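Raw contents of protein06.txt, compact mmCIF, C-alpha atoms:
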```
# COMPACT_ATOMS: atom_id res chain seq x y z
CA MET A 24 0.00 0.00 0.00
CA ALA A 25 1.20 3.51 -0.86
CA GLU A 26 1.18 6.59 1.36
CA PHE A 27 -0.56 9.82 0.32
CA VAL A 28 -0.82 13.33 1.74
CA VAL A 29 -4.50 14.35 1.76
CA LYS A 30 -5.58 17.96 2.27
CA LEU A 31 -9.17 18.21 3.51
CA ALA A 32 -11.71 20.31 5.39
CA ASP A 33 -14.26 19.14 7.95
CA GLU A 34 -17.90 20.28 8.35
CA ARG A 35 -16.74 23.35 10.31
CA GLY A 36 -14.38 24.43 7.54
CA ARG A 37 -11.16 23.57 9.41
CA ILE A 38 -8.44 22.62 6.92
CA SER A 39 -5.83 19.99 7.75
CA GLU A 40 -3.34 17.69 6.06
CA GLN A 41 -2.94 14.01 6.92
CA VAL A 42 -0.65 11.22 5.76
CA GLN A 43 -2.75 8.12 5.04
CA ALA A 44 -2.06 4.73 3.47
CA ALA A 45 -4.29 3.55 0.63
CA SER A 46 -4.27 1.43 -2.49
CA SER A 47 -4.79 4.48 -4.71
CA ALA A 48 -5.43 8.23 -4.51
CA GLU A 49 -8.97 7.75 -5.81
CA GLU A 50 -9.77 5.18 -3.10
CA LEU A 51 -8.47 7.59 -0.43
CA LYS A 52 -10.52 10.47 -1.84
CA GLN A 53 -13.70 8.37 -1.83
CA ARG A 54 -13.05 7.23 1.73
CA PHE A 55 -12.84 10.77 3.14
CA THR A 56 -15.75 12.00 1.01
CA GLN A 57 -17.95 9.26 2.48
CA LEU A 58 -16.88 10.37 5.97
CA GLY A 59 -18.22 13.86 5.23
CA TYR A 60 -14.95 15.70 4.49
CA PHE A 61 -14.27 18.00 1.54
CA VAL A 62 -11.06 16.78 -0.11
CA TYR A 63 -8.90 19.50 -1.67
CA SER A 64 -6.05 17.34 -2.96
CA VAL A 65 -4.38 13.94 -2.68
CA ARG A 66 -0.71 13.62 -3.57
CA PRO A 67 1.86 10.82 -3.11
CA HIS A 68 3.72 11.03 0.18
CA GLY A 69 7.42 11.72 -0.27
CA PHE A 70 7.30 14.56 -2.81
CA GLY A 71 8.42 17.57 -0.83
CA SER A 72 8.41 15.61 2.43
CA GLY A 73 11.10 13.06 1.79
CA LEU A 74 13.04 14.06 4.90
CA ARG A 75 10.53 12.27 7.12
CA LYS A 76 12.01 8.93 8.05
CA LYS A 77 10.35 6.04 9.80
CA VAL A 78 11.69 5.11 13.18
CA LYS A 79 12.70 1.53 13.96
CA LEU A 80 9.93 -0.36 15.69
CA GLU A 81 12.16 -1.41 18.61
CA THR A 82 13.15 2.22 19.27
CA PHE A 83 9.53 3.32 19.03
CA LEU A 84 8.37 0.62 21.47
CA ILE A 85 11.06 1.58 24.01
CA PHE A 86 9.94 5.22 23.79
CA ASN A 87 6.29 4.28 24.36
CA GLN A 88 7.17 2.05 27.30
CA GLN A 89 9.10 4.93 28.90
CA PHE A 90 6.30 7.37 28.01
CA LEU A 91 3.67 5.13 29.64
CA THR A 92 5.84 4.69 32.75
CA LEU A 93 6.25 8.46 33.16
CA ILE A 94 2.51 9.10 32.71
CA ARG A 95 1.63 6.41 35.26
CA ALA A 96 4.13 8.02 37.65
CA GLY A 97 2.08 11.22 37.48
CA LEU A 98 4.25 13.36 35.19
CA PRO A 99 2.39 15.64 32.74
CA ILE A 100 2.37 14.68 29.05
CA LEU A 101 4.35 17.75 27.96
CA GLY A 102 7.08 17.19 30.53
CA SER A 103 7.31 13.49 29.66
CA LEU A 104 7.61 14.21 25.94
CA ASP A 105 10.23 16.89 26.48
CA MET A 106 12.29 14.64 28.76
CA LEU A 107 12.18 11.69 26.35
CA ALA A 108 12.99 13.88 23.33
CA LYS A 109 16.15 15.17 25.01
CA GLY A 110 17.24 11.63 25.88
CA GLN A 111 16.89 10.22 22.36
CA LYS A 112 20.11 9.20 20.58
CA ASN A 113 18.33 8.99 17.22
CA THR A 114 18.46 12.61 16.01
CA THR A 115 15.58 12.18 13.55
CA PHE A 116 13.30 10.70 16.17
CA ALA A 117 14.37 13.35 18.69
CA ALA A 118 13.45 16.12 16.22
CA GLN A 119 10.05 14.51 15.63
CA LEU A 120 9.38 14.32 19.37
CA GLN A 121 10.38 17.95 19.79
CA ASP A 122 7.90 18.88 17.04
CA VAL A 123 5.20 16.81 18.78
CA THR A 124 5.96 18.62 22.05
CA THR A 125 5.70 22.02 20.34
CA ARG A 126 2.38 21.13 18.71
CA VAL A 127 0.89 19.85 21.97
CA ARG A 128 2.07 22.99 23.76
CA THR A 129 0.27 25.15 21.16
CA GLY A 130 -3.03 23.35 21.70
CA GLN A 131 -3.05 20.34 19.39
CA SER A 132 -4.06 16.98 20.76
CA LEU A 133 -1.44 14.26 21.16
CA SER A 134 -2.92 12.16 18.35
CA GLU A 135 -2.97 15.16 15.96
CA ALA A 136 0.64 16.02 16.81
CA PHE A 137 1.87 12.48 16.08
CA THR A 138 -0.26 12.24 12.90
CA ALA A 139 1.31 15.47 11.60
CA GLN A 140 4.75 13.80 11.59
CA GLY A 141 3.62 11.46 8.80
CA SER A 142 5.93 8.63 9.84
CA PHE A 143 4.19 6.88 12.72
CA PRO A 144 1.89 3.84 12.32
CA VAL A 145 -1.76 4.67 11.69
CA ILE A 146 -2.83 2.22 14.39
CA TYR A 147 -0.73 4.16 16.92
CA THR A 148 -2.25 7.57 16.18
CA THR A 149 -5.73 6.01 16.09
CA THR A 150 -5.07 4.32 19.45
CA LEU A 151 -4.04 7.68 20.92
CA LEU A 152 -7.23 9.22 19.54
CA ALA A 153 -9.32 6.47 21.17
CA GLY A 154 -7.51 7.05 24.47
CA GLU A 155 -8.13 10.79 24.31
CA ARG A 156 -11.84 10.34 23.56
CA SER A 157 -12.34 7.75 26.29
CA GLY A 158 -10.19 9.64 28.81
CA ASN A 159 -8.11 6.54 29.46
CA LEU A 160 -4.85 7.13 27.61
CA GLU A 161 -2.79 4.91 29.93
CA GLU A 162 -4.93 1.81 29.34
CA VAL A 163 -5.07 2.08 25.52
CA LEU A 164 -1.35 2.86 25.33
CA GLY A 165 -0.58 -0.21 27.44
CA ARG A 166 -2.82 -2.28 25.17
CA TYR A 167 -1.01 -0.97 22.10
CA LEU A 168 2.36 -1.92 23.62
CA ALA A 169 1.13 -5.44 24.39
CA PHE A 170 -0.14 -5.77 20.79
CA GLN A 171 3.17 -4.62 19.30
CA ARG A 172 5.24 -6.89 21.55
CA ILE A 173 3.24 -9.93 20.42
CA SER A 174 3.46 -8.88 16.75
CA LEU A 175 7.20 -8.20 16.99
CA THR A 176 7.87 -11.55 18.68
CA PHE A 177 5.88 -13.39 16.04
CA ARG A 178 7.64 -11.54 13.20
CA LYS A 179 11.08 -12.33 14.65
CA LYS A 180 10.18 -16.02 14.90
CA LEU A 181 9.19 -16.05 11.23
CA GLN A 182 12.38 -14.25 10.20
CA ALA A 183 14.52 -16.64 12.25
CA SER A 184 12.90 -19.65 10.59
CA LEU A 185 13.77 -18.25 7.14
CA ILE A 186 17.47 -17.62 7.86
CA TYR A 187 18.71 -21.19 7.31
CA PRO A 188 16.90 -21.78 3.96
CA ALA A 189 18.10 -18.38 2.71
CA LEU A 190 21.66 -19.26 3.74
CA LEU A 191 21.43 -22.58 1.88
CA VAL A 192 20.20 -20.85 -1.29
CA PHE A 193 23.04 -18.33 -1.04
CA ILE A 194 25.60 -21.14 -0.65
CA VAL A 195 24.18 -23.05 -3.63
CA ILE A 196 24.31 -19.98 -5.87
CA GLY A 197 27.81 -19.06 -4.67
CA LEU A 198 29.11 -22.61 -5.20
CA PHE A 199 27.61 -22.78 -8.68
CA ILE A 200 29.14 -19.43 -9.69
CA PHE A 201 32.54 -20.51 -8.31
CA LEU A 202 32.53 -23.84 -10.19
CA ILE A 203 31.32 -22.35 -13.48
CA SER A 204 33.45 -19.21 -13.53
CA PHE A 205 36.66 -20.45 -11.84
CA VAL A 206 37.01 -24.25 -11.94
CA VAL A 207 35.48 -25.06 -15.34
CA PRO A 208 37.64 -22.60 -17.39
CA ARG A 209 40.81 -24.20 -15.96
CA PHE A 210 39.65 -27.61 -17.11
CA ALA A 211 38.91 -26.07 -20.51
CA THR A 212 42.55 -24.91 -20.75
CA LEU A 213 43.76 -28.36 -19.72
CA TYR A 214 41.68 -30.17 -22.34
CA ASP A 215 42.76 -27.71 -25.05
CA GLN A 216 46.38 -28.66 -24.34
CA ILE A 217 45.60 -32.39 -24.39
CA GLY A 218 43.63 -32.11 -27.64
CA THR A 219 41.44 -35.15 -26.94
CA LYS A 220 37.87 -35.66 -28.12
CA LEU A 221 35.44 -34.58 -25.37
CA PRO A 222 31.94 -35.91 -24.52
CA ALA A 223 28.92 -33.72 -25.32
CA LEU A 224 28.19 -33.07 -21.61
CA THR A 225 31.75 -31.84 -21.05
CA LEU A 226 31.68 -29.62 -24.16
CA MET A 227 28.41 -28.02 -23.04
CA LEU A 228 29.74 -27.35 -19.53
CA LEU A 229 33.05 -25.93 -20.84
CA ALA A 230 31.14 -23.61 -23.19
CA VAL A 231 29.03 -22.35 -20.29
CA GLY A 232 32.12 -21.83 -18.14
CA THR A 233 34.05 -20.01 -20.86
CA HIS A 234 31.15 -17.64 -21.60
CA ALA A 235 30.54 -17.09 -17.89
CA GLN A 236 34.16 -16.07 -17.31
CA ARG A 237 34.14 -13.82 -20.36
CA TYR A 238 30.84 -12.04 -19.76
CA LEU A 239 30.47 -12.20 -15.95
CA LEU A 240 31.69 -8.63 -15.43
CA TYR A 241 29.06 -7.42 -17.92
CA VAL A 242 26.24 -9.61 -16.63
CA LEU A 243 26.54 -8.58 -12.96
CA PRO A 244 25.86 -4.82 -13.57
CA VAL A 245 22.94 -5.71 -15.85
CA VAL A 246 21.47 -8.01 -13.18
CA ALA A 247 21.97 -5.27 -10.56
CA VAL A 248 20.19 -2.69 -12.75
CA ILE A 249 17.30 -5.08 -13.44
CA ALA A 250 16.99 -5.86 -9.72
CA PHE A 251 16.95 -2.13 -8.90
CA LEU A 252 14.29 -1.40 -11.54
CA LEU A 253 12.16 -4.30 -10.25
CA TYR A 254 12.51 -2.93 -6.72
CA ARG A 255 11.42 0.54 -7.83
CA TRP A 256 8.52 -0.95 -9.79
CA SER A 257 7.42 -2.96 -6.74
CA LYS A 258 7.03 0.33 -4.83
CA THR A 259 4.53 1.69 -7.37
CA PRO A 260 0.81 0.93 -6.78
CA ARG A 261 0.58 -1.19 -9.94
CA GLY A 262 3.79 -3.09 -9.22
CA ALA A 263 2.88 -3.72 -5.59
CA ASP A 264 -0.53 -5.01 -6.64
CA ARG A 265 0.97 -7.34 -9.25
CA ILE A 266 3.57 -8.73 -6.82
CA ASP A 267 0.91 -9.14 -4.15
CA GLY A 268 -1.20 -11.14 -6.61
CA ILE A 269 1.77 -13.40 -7.41
CA ARG A 270 2.47 -13.84 -3.69
CA ILE A 271 -1.15 -14.78 -2.93
CA GLY A 272 -1.25 -17.20 -5.89
CA LEU A 273 1.77 -19.26 -4.78
CA PRO A 274 0.85 -22.94 -4.21
CA VAL A 275 1.72 -23.32 -0.51
CA PHE A 276 3.09 -19.98 0.65
CA GLY A 277 0.11 -18.06 -0.76
CA LYS A 278 -2.22 -19.53 1.86
CA ILE A 279 0.37 -18.93 4.58
CA TRP A 280 0.64 -15.27 3.50
CA ILE A 281 -3.16 -14.82 3.61
CA LYS A 282 -3.37 -16.38 7.08
CA TYR A 283 -0.58 -14.09 8.32
CA GLN A 284 -2.44 -11.02 7.03
CA VAL A 285 -5.70 -12.22 8.60
CA ALA A 286 -3.94 -12.69 11.96
CA LEU A 287 -2.48 -9.16 11.75
CA PHE A 288 -5.87 -7.71 10.81
CA ALA A 289 -7.69 -9.53 13.63
CA ARG A 290 -5.21 -8.49 16.32
CA THR A 291 -5.22 -4.86 15.14
CA LEU A 292 -9.03 -4.69 15.01
CA SER A 293 -9.29 -6.28 18.47
CA THR A 294 -6.89 -3.71 19.94
CA LEU A 295 -8.83 -0.79 18.45
CA LEU A 296 -12.25 -2.09 19.49
CA THR A 297 -11.05 -2.79 23.03
CA GLY A 298 -9.75 0.79 23.15
CA GLY A 299 -13.29 2.07 22.59
CA LEU A 300 -13.12 3.01 18.89
CA PRO A 301 -16.28 2.38 16.80
CA LEU A 302 -16.31 -0.55 14.37
CA VAL A 303 -16.14 1.37 11.07
CA PRO A 304 -13.09 3.57 11.91
CA SER A 305 -11.45 0.51 13.49
CA LEU A 306 -12.01 -1.49 10.29
CA GLU A 307 -10.49 1.26 8.15
CA THR A 308 -7.44 1.55 10.40
CA ALA A 309 -7.01 -2.23 10.55
CA ALA A 310 -7.19 -2.37 6.74
CA ARG A 311 -4.37 0.18 6.49
CA SER A 312 -2.20 -1.99 8.78
CA ILE A 313 -2.33 -4.91 6.32
CA SER A 314 0.70 -5.33 4.05
CA SER A 315 -1.27 -7.02 1.26
CA GLY A 316 -2.96 -4.44 -0.95
CA ARG A 317 -5.54 -6.90 -2.29
CA ILE A 318 -6.62 -8.06 1.15
CA ALA A 319 -6.74 -4.42 2.31
CA LYS A 320 -9.06 -3.61 -0.63
CA ALA A 321 -11.29 -6.50 0.42
CA VAL A 322 -11.52 -5.10 3.96
CA PHE A 323 -12.30 -1.61 2.66
CA SER A 324 -15.08 -3.09 0.50
CA SER A 325 -16.55 -4.70 3.63
CA VAL A 326 -16.72 -1.28 5.32
CA THR A 327 -19.54 -0.23 2.97
CA SER A 328 -21.48 -3.38 3.86
CA VAL A 329 -21.02 -2.73 7.59
CA ARG A 330 -22.26 0.85 7.16
CA GLU A 331 -25.40 -0.53 5.52
CA GLY A 332 -26.14 -2.49 8.70
CA ASN A 333 -24.74 -5.92 7.87
CA GLY A 334 -22.69 -7.84 10.42
CA LEU A 335 -18.90 -7.93 10.26
CA ALA A 336 -18.77 -11.68 9.60
CA LYS A 337 -21.23 -11.42 6.70
CA SER A 338 -19.37 -8.42 5.24
CA LEU A 339 -15.98 -10.16 5.42
CA ASN A 340 -17.44 -13.36 3.98
CA GLY A 341 -18.67 -11.37 0.99
CA THR A 342 -15.09 -10.43 0.09
CA ARG A 343 -14.24 -14.13 -0.56
CA VAL A 344 -10.72 -13.50 0.75
CA PHE A 345 -10.94 -14.39 4.43
CA PRO A 346 -10.67 -18.08 5.39
CA GLU A 347 -14.01 -19.67 6.28
CA LEU A 348 -12.90 -20.55 9.80
CA SER A 349 -12.01 -16.92 10.61
CA VAL A 350 -15.45 -15.75 9.41
CA GLU A 351 -17.20 -18.41 11.53
CA MET A 352 -15.22 -17.42 14.65
CA ILE A 353 -15.99 -13.72 14.10
CA GLU A 354 -19.69 -14.59 13.67
CA VAL A 355 -19.65 -16.38 17.04
CA GLY A 356 -17.97 -13.34 18.62
CA GLU A 357 -20.65 -11.02 17.22
CA SER A 358 -23.53 -13.22 18.38
CA THR A 359 -22.13 -13.53 21.92
CA GLY A 360 -21.14 -9.86 22.25
CA ALA A 361 -17.46 -10.73 22.70
CA LEU A 362 -16.07 -9.63 19.33
CA PRO A 363 -12.72 -8.18 20.56
CA GLN A 364 -11.94 -11.34 22.56
CA MET A 365 -12.89 -13.58 19.64
CA LEU A 366 -10.73 -11.51 17.27
CA ASN A 367 -7.81 -12.11 19.63
CA SER A 368 -8.56 -15.84 19.45
CA VAL A 369 -8.62 -15.63 15.64
CA ALA A 370 -5.22 -13.91 15.67
CA GLU A 371 -3.70 -16.47 18.05
CA PHE A 372 -5.09 -19.41 16.06
CA PHE A 373 -3.84 -18.18 12.69
CA GLU A 374 -0.46 -17.08 14.06
CA GLU A 375 0.09 -20.58 15.38
CA ASP A 376 -1.20 -22.06 12.11
CA VAL A 377 1.20 -19.87 10.10
CA GLN A 378 4.16 -20.87 12.23
CA THR A 379 3.29 -24.58 12.00
CA ALA A 380 2.71 -24.47 8.24
CA LEU A 381 5.87 -22.47 7.62
CA THR A 382 7.97 -24.83 9.77
CA ALA A 383 6.58 -27.86 7.92
CA SER A 384 7.17 -26.28 4.50
CA LEU A 385 10.72 -25.26 5.33
CA ALA A 386 11.41 -28.75 6.69
CA LEU A 387 10.68 -30.05 3.18
CA ILE A 388 12.46 -27.24 1.34
CA GLU A 389 15.77 -27.54 3.20
CA PRO A 390 16.54 -31.14 2.12
CA ALA A 391 15.30 -30.29 -1.38
CA ILE A 392 17.87 -27.47 -1.58
CA LEU A 393 20.60 -29.83 -0.35
CA ILE A 394 19.59 -32.45 -2.93
CA VAL A 395 19.65 -29.88 -5.75
CA MET A 396 23.06 -28.65 -4.58
CA GLY A 397 24.38 -32.23 -4.49
CA VAL A 398 23.00 -33.05 -7.96
CA VAL A 399 24.51 -29.89 -9.47
CA VAL A 400 27.92 -30.58 -7.95
CA VAL A 401 27.86 -34.26 -9.04
CA VAL A 402 26.86 -33.39 -12.62
CA ILE A 403 29.62 -30.78 -12.87
CA LEU A 404 32.24 -33.15 -11.46
CA ILE A 405 31.16 -35.98 -13.79
CA ALA A 406 31.28 -33.66 -16.80
CA LEU A 407 34.76 -32.42 -15.84
CA TYR A 408 36.35 -35.78 -14.99
CA LEU A 409 34.65 -37.93 -17.64
CA PRO A 410 37.36 -37.21 -20.28
CA ILE A 411 40.07 -38.10 -17.74
CA PHE A 412 38.37 -41.42 -17.05
CA SER A 413 38.11 -42.01 -20.82
CA LEU A 414 41.81 -41.27 -21.26
CA GLY A 415 42.67 -43.68 -18.44
CA GLN A 416 40.58 -46.44 -19.99
CA ALA A 417 42.09 -45.79 -23.45
CA SER A 418 45.65 -46.01 -22.10
CA SER A 419 44.93 -49.25 -20.24
CA VAL A 420 43.42 -50.79 -23.41
CA GLY A 421 46.46 -49.68 -25.43
CA ARG A 422 48.75 -51.57 -23.07
```

Could you rewrite the structure in this file as structure tokens?
Amino acid sequence: MAEFVVKLADERGRISEQVQAASSAEELKQRFTQLGYFVYSVRPHGFGSGLRKKVKLETFLIFNQQFLTLIRAGLPILGSLDMLAKGQKNTTFAAQLQDVTTRVRTGQSLSEAFTAQGSFPVIYTTTLLAGERSGNLEEVLGRYLAFQRISLTFRKKLQASLIYPALLVFIVIGLFIFLISFVVPRFATLYDQIGTKLPALTLMLLAVGTHAQRYLLYVLPVVAVIAFLLYRWSKTPRGADRIDGIRIGLPVFGKIWIKYQVALFARTLSTLLTGGLPLVPSLETAARSISSGRIAKAVFSSVTSVREGNGLAKSLNGTRVFPELSVEMIEVGESTGALPQMLNSVAEFFEEDVQTALTASLALIEPAILIVMGVVVVVILIALYLPIFSLGQASSVGR
């Protein structure tokens, strides 16, 4: 999902600018128009505001933990912000906190001051808004911290489980490049000096090695440029949507990706609802927290159905994106009046399911990578040493 700067006016004529995530500028404009705002302009975030950098999640969580501790100790919000801003080692984050302090001192609310920075998560600023409206900032801030700790722990577990397969792939590619570009050309020189007739497999491998050594310095920059262009294209709305579609369509990992997004959505929505935010704004914020643009679009489409009076489970089921089990669990939560608790159960169930499925898939992939690496090495060695074996047999026959 891309970020846009939207300039709008409310029913009282007050003009403000916000940084919001959306699939497209048109979708963002329609969203605010339906909420009763007059939208002046929507422009991509980053043009003219590229100096705003996102803070690392760990740093941001430490700040919020300290902020919550100071508030609970009875310190005023302004004094707490000023103290934490002066103690920050990250100069960018310190400058942002100083700006937040200045805005709060001039009369802006805490949620408005953080939103104006344009680099903090939407769920965080929405959580602050819910705390301000309910008059219980400490509780909602503590709930947000608990949510982020769980999400961060889960994300680190997933990343740790992917390290070994990624390392194996890197080793396989490195070994293949070394054999083709360094070892094979030396055998080519040796066989040229011997002048013997070579098998077809050896000739093919020597041709590949010779061309690789000759053109490797030209190929690497071209590959780097193509990779950079693909990366830039993936950041555009069209590119991100296309890559997201490919990711969702993968045989095994597509379902794992969907379940991960559903777990993130459910936990975010539960946190916002527990904080006292109404269902529709909570749904919109939860949709913006989803990494998958297509699933986020599906959630936004369900917002219209919820506004018309339909239940959340029925609205999500109509998108045909959410797994059937998640819809059934949400329906039970709605019927029993315990939707936030049931959403937490949905998140826990799918997080565990994702971890189990990913572990099982990687357990199959790792030996497959090792087998491929072994086959490649064996084929290369056979192709290189086959002429030597032939020469040895020919000499023994000649005797």

Determine the nearest neighbour of Phe288 (chain A) from the options A:Ser39, A:Ser103, A:Ser314, A:Thr138, counting only C-alpha atoms.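 Of the candidates, the smallest distance to Phe288 (chain A) is held by A:Ser314.
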
Can you tell me, as a list in words, what residues are no more than 10 Å from region 115-120 of chain A when counting only C-alpha atoms, ignoring any on the same chain fewer than 5 positions away?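 Counting only the stated atoms, we get Leu74, Arg75, Lys76, Lys77, Val78, Lys79, Thr82, Phe83, Phe86, Leu104, Asp105, Met106, Leu107, Ala108, Lys109, Gly110, Thr125, Arg126, Ala136, Phe137, Ala139, Gln140, Gly141 and Ser142 of chain A.
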
With C-alpha atoms retained, export the selected residues as a short mmCIF file (atom, residue, chain, number, x, y, z; two decimals), keeping the file's coordinate frame.
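As written to disk, result.cif reads:
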```cif
data_model
loop_
_atom_site.label_atom_id
_atom_site.label_comp_id
_atom_site.auth_asym_id
_atom_site.auth_seq_id
_atom_site.Cartn_x
_atom_site.Cartn_y
_atom_site.Cartn_z
CA LEU A 74 13.04 14.06 4.90
CA ARG A 75 10.53 12.27 7.12
CA LYS A 76 12.01 8.93 8.05
CA LYS A 77 10.35 6.04 9.80
CA VAL A 78 11.69 5.11 13.18
CA LYS A 79 12.70 1.53 13.96
CA THR A 82 13.15 2.22 19.27
CA PHE A 83 9.53 3.32 19.03
CA PHE A 86 9.94 5.22 23.79
CA LEU A 104 7.61 14.21 25.94
CA ASP A 105 10.23 16.89 26.48
CA MET A 106 12.29 14.64 28.76
CA LEU A 107 12.18 11.69 26.35
CA ALA A 108 12.99 13.88 23.33
CA LYS A 109 16.15 15.17 25.01
CA GLY A 110 17.24 11.63 25.88
CA THR A 125 5.70 22.02 20.34
CA ARG A 126 2.38 21.13 18.71
CA ALA A 136 0.64 16.02 16.81
CA PHE A 137 1.87 12.48 16.08
CA ALA A 139 1.31 15.47 11.60
CA GLN A 140 4.75 13.80 11.59
CA GLY A 141 3.62 11.46 8.80
CA SER A 142 5.93 8.63 9.84
#
```

Using all atoms listed in the file, which of the listed residues (A:Thr176, A:Asn159, A:Thr359, A:Thr291) sits closest to Leu91 (chain A)? A:Asn159

Nearby residues (only C-alpha atoms) at most 9 Å from Leu133 (chain A), same-chain spacing under 6 positions excluded, as a short mmCIF file (atom, residue, chain, number, x, y, z; two decimals) with C-alpha atoms, keeping the file's coordinate frame:
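Contents of around.cif, freshly written:
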```
data_model
loop_
_atom_site.label_atom_id
_atom_site.label_comp_id
_atom_site.auth_asym_id
_atom_site.auth_seq_id
_atom_site.Cartn_x
_atom_site.Cartn_y
_atom_site.Cartn_z
CA ILE A 100 2.37 14.68 29.05
CA VAL A 123 5.20 16.81 18.78
CA THR A 124 5.96 18.62 22.05
CA ARG A 126 2.38 21.13 18.71
CA VAL A 127 0.89 19.85 21.97
CA THR A 148 -2.25 7.57 16.18
CA LEU A 151 -4.04 7.68 20.92
CA LEU A 152 -7.23 9.22 19.54
CA GLU A 155 -8.13 10.79 24.31
#
```

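CA of Ser315 (chain A) is found 26.8 Å from CA of Asn87 (chain A).
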
What gap, in Å, lies between CA of Asn367 (chain A) and CA of Met352 (chain A)?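 Taking CA of Asn367 (chain A) and CA of Met352 (chain A), their separation equals 10.4 Å.
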
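Distance annotation: of A:Ala380, A:Leu273, A:Val398, A:Leu348, the residue with the minimal separation from Leu181 (chain A) is A:Ala380; atom set is all atoms listed in the file.
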
As an exercise, work out the distance from CA of Gly268 (chain A) to CA of Gly316 (chain A) in Å and give it to one decimal place.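 Atom-to-atom, CA of Gly268 (chain A) to CA of Gly316 (chain A), that is 8.9 Å.
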
Top pick for closest residue to Glu375 (chain A), considering A:Lys337, A:Arg178, A:Arg95, A:Arg317 and counting only C-alpha atoms: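 The shortest atom-to-atom distance to Glu375 (chain A) comes from A:Arg178.
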
Could you list, as a list in words, every residue within 10 Å of Leu202 (chain A), counting all atoms listed in the file and ignoring same-chain residues fewer than 5 positions away?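 Skipping anything fewer than 5 positions along the chain leaves Gly197, Val207, Pro208, Gly232, Val400, Ile403 and Leu404 of chain A.
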
Excluding same-chain residues fewer than 4 positions from Ile388 (chain A), what lies within 12 Å of it counting all atoms listed in the file, as a ChimeraX atom specification? /A:184-185,187-189,191-192,275-276,381-384,392-395

Would you export the selected residues with C-alpha atoms as a CSV table (one decimal), in the frame of the given file, please?
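Final file, result17.csv:
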```
chain,number,residue,atom,x,y,z
A,184,SER,CA,12.9,-19.6,10.6
A,185,LEU,CA,13.8,-18.2,7.1
A,187,TYR,CA,18.7,-21.2,7.3
A,188,PRO,CA,16.9,-21.8,4.0
A,189,ALA,CA,18.1,-18.4,2.7
A,191,LEU,CA,21.4,-22.6,1.9
A,192,VAL,CA,20.2,-20.8,-1.3
A,275,VAL,CA,1.7,-23.3,-0.5
A,276,PHE,CA,3.1,-20.0,0.6
A,381,LEU,CA,5.9,-22.5,7.6
A,382,THR,CA,8.0,-24.8,9.8
A,383,ALA,CA,6.6,-27.9,7.9
A,384,SER,CA,7.2,-26.3,4.5
A,392,ILE,CA,17.9,-27.5,-1.6
A,393,LEU,CA,20.6,-29.8,-0.4
A,394,ILE,CA,19.6,-32.4,-2.9
A,395,VAL,CA,19.6,-29.9,-5.8
```

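Candidate residues A:Leu168, A:Val377, A:Ala406, A:Ile196 were compared for distance to Gly277 (chain A), and the nearest is A:Val377, using all atoms listed in the file.
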
Contact residues around Glu161 (chain A) with all atoms listed in the file at 12 Å, ignoring same-chain residues under 2 positions, as a VMD selection string: chain A and resid 87 to 97 100 150 to 151 153 to 155 157 to 159 163 to 168 298

Could you list as a list in words every residue that has an atom within 10 Å of (-15.2, -6.4, 4.6), using the file's coordinates and counting all atoms listed in the file? Leu306, Glu307, Ala310, Ile318, Ala319, Lys320, Ala321, Val322, Phe323, Ser324, Ser325, Val326, Thr327, Ser328, Val329, Gly334, Leu335, Ala336, Lys337, Ser338, Leu339, Asn340, Gly341, Thr342, Arg343, Val344 and Phe345 of chain A

Please determine, counting all atoms listed in the file, which residue among A:Leu253, A:Leu226, A:Val369, A:Val231 has the shortest atom-to-atom distance to Gln284 (chain A).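 Checking each of A:Leu253, A:Leu226, A:Val369, A:Val231 against Gln284 (chain A), counting all atoms listed in the file, the winner is A:Val369.
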